[in-house]
Each structure stands twice: as C-alpha cells, then as structure tokens.
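Here is the file entry.csv (CSV, C-alpha atoms).
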```csv
chain,number,residue,atom,x,y,z
A,1,MET,CA,0.0,0.0,0.0
A,2,HIS,CA,1.2,3.5,-0.8
A,3,LYS,CA,-0.2,6.7,0.6
A,4,PHE,CA,0.2,10.3,-0.6
A,5,SER,CA,-1.2,13.3,1.4
A,6,ASP,CA,-1.4,17.0,0.7
A,7,LEU,CA,-3.7,19.8,1.7
A,8,GLY,CA,-6.0,17.4,3.7
A,9,ILE,CA,-6.5,15.0,0.8
A,10,THR,CA,-5.0,11.5,0.9
A,11,THR,CA,-4.7,9.1,-1.9
A,12,ILE,CA,-4.1,5.4,-1.2
A,13,VAL,CA,-3.0,2.8,-3.7
A,14,THR,CA,-3.8,-0.8,-2.8
A,15,ASN,CA,-3.3,-3.9,-4.9
A,16,ASP,CA,-6.4,-3.2,-7.0
A,17,LYS,CA,-7.7,0.2,-6.1
A,18,ILE,CA,-7.0,3.9,-5.8
A,19,LYS,CA,-8.8,5.5,-2.9
A,20,ILE,CA,-9.2,9.2,-2.4
A,21,GLU,CA,-9.9,10.3,1.1
A,22,LEU,CA,-10.9,13.8,2.3
A,23,SER,CA,-12.0,14.6,5.8
A,24,ILE,CA,-15.5,16.1,6.1
A,25,SER,CA,-14.1,18.9,8.2
A,26,GLY,CA,-11.5,19.6,5.4
A,27,LEU,CA,-14.2,19.5,2.8
A,28,VAL,CA,-16.4,22.0,4.7
A,29,SER,CA,-13.4,24.3,5.4
A,30,GLY,CA,-12.4,24.1,1.7
A,31,PHE,CA,-15.9,25.1,0.7
A,32,ASN,CA,-16.3,27.9,3.2
A,33,GLU,CA,-12.9,29.3,2.4
A,34,SER,CA,-13.0,28.8,-1.4
A,35,PRO,CA,-11.7,31.8,-3.4
A,36,ASN,CA,-14.8,31.3,-5.6
A,37,ASN,CA,-17.1,31.7,-2.6
A,38,ALA,CA,-17.7,35.5,-3.2
A,39,GLU,CA,-21.0,35.5,-1.2
A,40,GLU,CA,-19.3,33.8,1.8
A,41,ILE,CA,-21.9,30.9,1.8
A,42,LYS,CA,-21.3,28.5,4.7
A,43,VAL,CA,-22.4,25.0,5.4
A,44,LYS,CA,-25.0,25.0,8.1
A,45,ARG,CA,-24.1,23.8,11.6
A,46,GLY,CA,-25.2,20.2,12.0
A,47,LYS,CA,-25.4,19.6,8.3
A,48,ARG,CA,-21.8,18.6,7.5
A,49,LYS,CA,-22.6,14.9,6.9
A,50,GLU,CA,-25.4,15.8,4.5
A,51,PHE,CA,-23.1,18.3,2.7
A,52,ALA,CA,-20.5,15.5,2.4
A,53,LYS,CA,-23.1,13.1,0.9
A,54,TYR,CA,-24.2,15.8,-1.5
A,55,ILE,CA,-20.6,16.4,-2.7
A,56,ALA,CA,-19.8,12.7,-3.0
A,57,ARG,CA,-22.9,12.2,-5.1
A,58,ARG,CA,-22.2,15.2,-7.3
A,59,LEU,CA,-18.6,14.0,-7.9
A,60,ILE,CA,-19.9,10.9,-9.8
A,61,GLU,CA,-23.4,11.9,-11.0
A,62,LYS,CA,-23.4,15.5,-12.3
A,63,GLU,CA,-22.1,15.7,-15.8
A,64,ASN,CA,-20.6,18.6,-17.6
A,65,GLN,CA,-23.1,19.6,-20.3
A,66,ASP,CA,-20.4,20.3,-22.8
A,67,THR,CA,-18.3,17.1,-22.4
A,68,GLY,CA,-20.7,14.6,-20.7
A,69,GLU,CA,-18.0,13.9,-18.1
A,70,THR,CA,-18.5,13.8,-14.4
A,71,PRO,CA,-16.2,15.9,-12.2
A,72,VAL,CA,-14.2,12.8,-11.3
A,73,MET,CA,-13.8,11.9,-15.0
A,74,GLU,CA,-12.7,15.5,-15.7
A,75,MET,CA,-10.1,15.3,-12.9
A,76,LEU,CA,-8.7,12.0,-14.3
A,77,GLU,CA,-8.7,13.3,-17.8
A,78,LYS,CA,-6.7,16.4,-16.7
A,79,VAL,CA,-4.0,14.1,-15.3
A,80,PHE,CA,-4.1,12.0,-18.5
A,81,GLU,CA,-3.7,15.1,-20.6
A,82,ASP,CA,-0.6,16.1,-18.6
A,83,ILE,CA,0.9,12.7,-19.4
A,84,PHE,CA,0.0,12.9,-23.1
A,85,GLU,CA,1.6,16.3,-23.3
A,86,GLY,CA,4.9,14.9,-21.9
A,87,TYR,CA,4.6,15.9,-18.2
A,88,GLU,CA,5.3,12.8,-16.3
A,89,ASP,CA,7.6,12.2,-13.3
A,90,GLU,CA,8.1,8.5,-14.0
A,91,PRO,CA,8.4,7.9,-17.7
A,92,ASP,CA,9.5,4.3,-17.1
A,93,ILE,CA,5.9,3.3,-16.3
A,94,LEU,CA,4.6,4.1,-19.8
A,95,GLN,CA,4.9,2.2,-23.0
A,96,TYR,CA,5.2,4.3,-26.1
A,97,PRO,CA,4.7,3.0,-29.7
A,98,GLU,CA,7.9,2.5,-31.6
A,99,GLU,CA,8.7,5.3,-34.0
A,100,CYS,CA,8.3,4.5,-37.7
A,101,LYS,CA,11.5,3.5,-39.3
A,102,ASP,CA,12.5,4.6,-42.8
A,103,ASP,CA,13.7,1.7,-44.8
```
Structure re-expressed in structure tokens:
Amino acid sequence: MHKFSDLGITTIVTNDKIKIELSISGLVSGFNESPNNAEEIKVKRGKRKEFAKYIARRLIEKENQDTGETPVMEMLEKVFEDIFEGYEDEPDILQYPEECKDD
C-alpha cells in the first residue's frame, strides 16, 4: 500500500484500487474558504454529513453539459492530458509505440 497526502487530501494505492480520502471537516473548510465563494456561503451547523453526501454524489453523477463527463472523470482526464503532453515524473511506467523507421 502506498499513501500520498497534501492539503488534507489523501490518496491510497492498494493492490487493486486507488482510494481518495478527504475529511469532512477539510471539505467543509475548503468550501467555506474557497476563493470562488464570493458570497461567503457557509455549510449549516449540524449539516456537515449531509453536505459531504451531496458532494460525494455530485462527484460521480453530475455531468458537464459540454463534455458529458462527471467531475471525477474530468479530474482524471486532466492528469491523462498532462501525461500525453509529456509531463510525467516517472516515464519508465509508460509504454510508447515504436517510431516508424524509414527503410
């Protein structure tokens, strides 16, 4: 098992899964303090668990109208794009097609 943590988010790699963990308190704090929260909207006291359920559901159900992707799919596609564009820390884990040879 491998574990990576930053800014209150933890990713865990097991033999057959990647798990993403985020504490509910970190989620609420991130929402309340988001730079996009111009109206200073806050999660109601006693409603943190319901807020977390709402966010968890939205991450996999709500699709982008332009792309049809869910937020989680968009997140993964962004990482894939970085790799396709040549930004990878561990190039030895990828297999590239052989270049065409001129005969």
Edge lengths and centre in Å to one decimal, as AutoDock Vina command-line options, is what I'm after for the box along x, y and z that holds all listed atoms of range 12-19 of chain A once 3 Å is added on each side.
```
--center_x -5.9 --center_y 0.8 --center_z -4.1 --size_x 11.8 --size_y 15.4 --size_z 11.8
```
Who sits within 12 Å of Val28 in chain A, all atoms listed in the file, same chain under 2 positions skipped, as a CSV table (one decimal) with C-alpha atoms, in the frame of the given file:
```csv
chain,number,residue,atom,x,y,z
A,8,GLY,CA,-6.0,17.4,3.7
A,22,LEU,CA,-10.9,13.8,2.3
A,23,SER,CA,-12.0,14.6,5.8
A,24,ILE,CA,-15.5,16.1,6.1
A,25,SER,CA,-14.1,18.9,8.2
A,26,GLY,CA,-11.5,19.6,5.4
A,30,GLY,CA,-12.4,24.1,1.7
A,31,PHE,CA,-15.9,25.1,0.7
A,32,ASN,CA,-16.3,27.9,3.2
A,33,GLU,CA,-12.9,29.3,2.4
A,34,SER,CA,-13.0,28.8,-1.4
A,41,ILE,CA,-21.9,30.9,1.8
A,42,LYS,CA,-21.3,28.5,4.7
A,43,VAL,CA,-22.4,25.0,5.4
A,44,LYS,CA,-25.0,25.0,8.1
A,45,ARG,CA,-24.1,23.8,11.6
A,46,GLY,CA,-25.2,20.2,12.0
A,47,LYS,CA,-25.4,19.6,8.3
A,48,ARG,CA,-21.8,18.6,7.5
A,49,LYS,CA,-22.6,14.9,6.9
A,50,GLU,CA,-25.4,15.8,4.5
A,51,PHE,CA,-23.1,18.3,2.7
A,52,ALA,CA,-20.5,15.5,2.4
A,53,LYS,CA,-23.1,13.1,0.9
A,54,TYR,CA,-24.2,15.8,-1.5
A,55,ILE,CA,-20.6,16.4,-2.7
```
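Of note, CA of Asn15 in chain A and CA of Lys3 in chain A are spaced 12.3 Å apart.
A straight line drawn from CA of Lys17 in chain A to CA of Tyr87 in chain A is 23.3 Å long.
One distance worth recording is that between CA of Leu27 in chain A and CA of Asp6 in chain A, which is 13.2 Å.
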Would you mind telling me which residue in A:Lys62, A:Ser29, A:Asn37, A:Ile18 lies nearest to Leu76 in chain A when using all atoms listed in the file?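 Counting all atoms listed in the file, the residue closest to Leu76 in chain A is A:Ile18.
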Tell me which of A:Arg58, A:His2, A:Ile93, A:Glu39 sits closest to Thr14 in chain A, counting only C-alpha atoms.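 Between A:Arg58, A:His2, A:Ile93, A:Glu39, the residue approaching Thr14 in chain A most closely is A:His2.
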May I have the residues within 10 Å of Phe4 in chain A as a PDB file with C-alpha atoms, keeping the file's coordinate frame, using only C-alpha atoms and disregarding those fewer than 5 positions away in the same chain?
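Okay, this is what ended up in part.pdb:
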```pdb
ATOM      1  CA  ILE A   9      -6.500  15.000   0.800  1.00  0.00           C
ATOM      2  CA  THR A  10      -5.000  11.500   0.900  1.00  0.00           C
ATOM      3  CA  THR A  11      -4.700   9.100  -1.900  1.00  0.00           C
ATOM      4  CA  ILE A  12      -4.100   5.400  -1.200  1.00  0.00           C
ATOM      5  CA  VAL A  13      -3.000   2.800  -3.700  1.00  0.00           C
ATOM      6  CA  ILE A  20      -9.200   9.200  -2.400  1.00  0.00           C
TER       7      ILE A  20
END
```
Near Leu59 in chain A, counting all atoms listed in the file, which residues have an atom at most 7 Å away, once you skip same-chain residues fewer than 2 positions from it, shown as a ChimeraX atom specification? /A:55-57,61-62,70-72
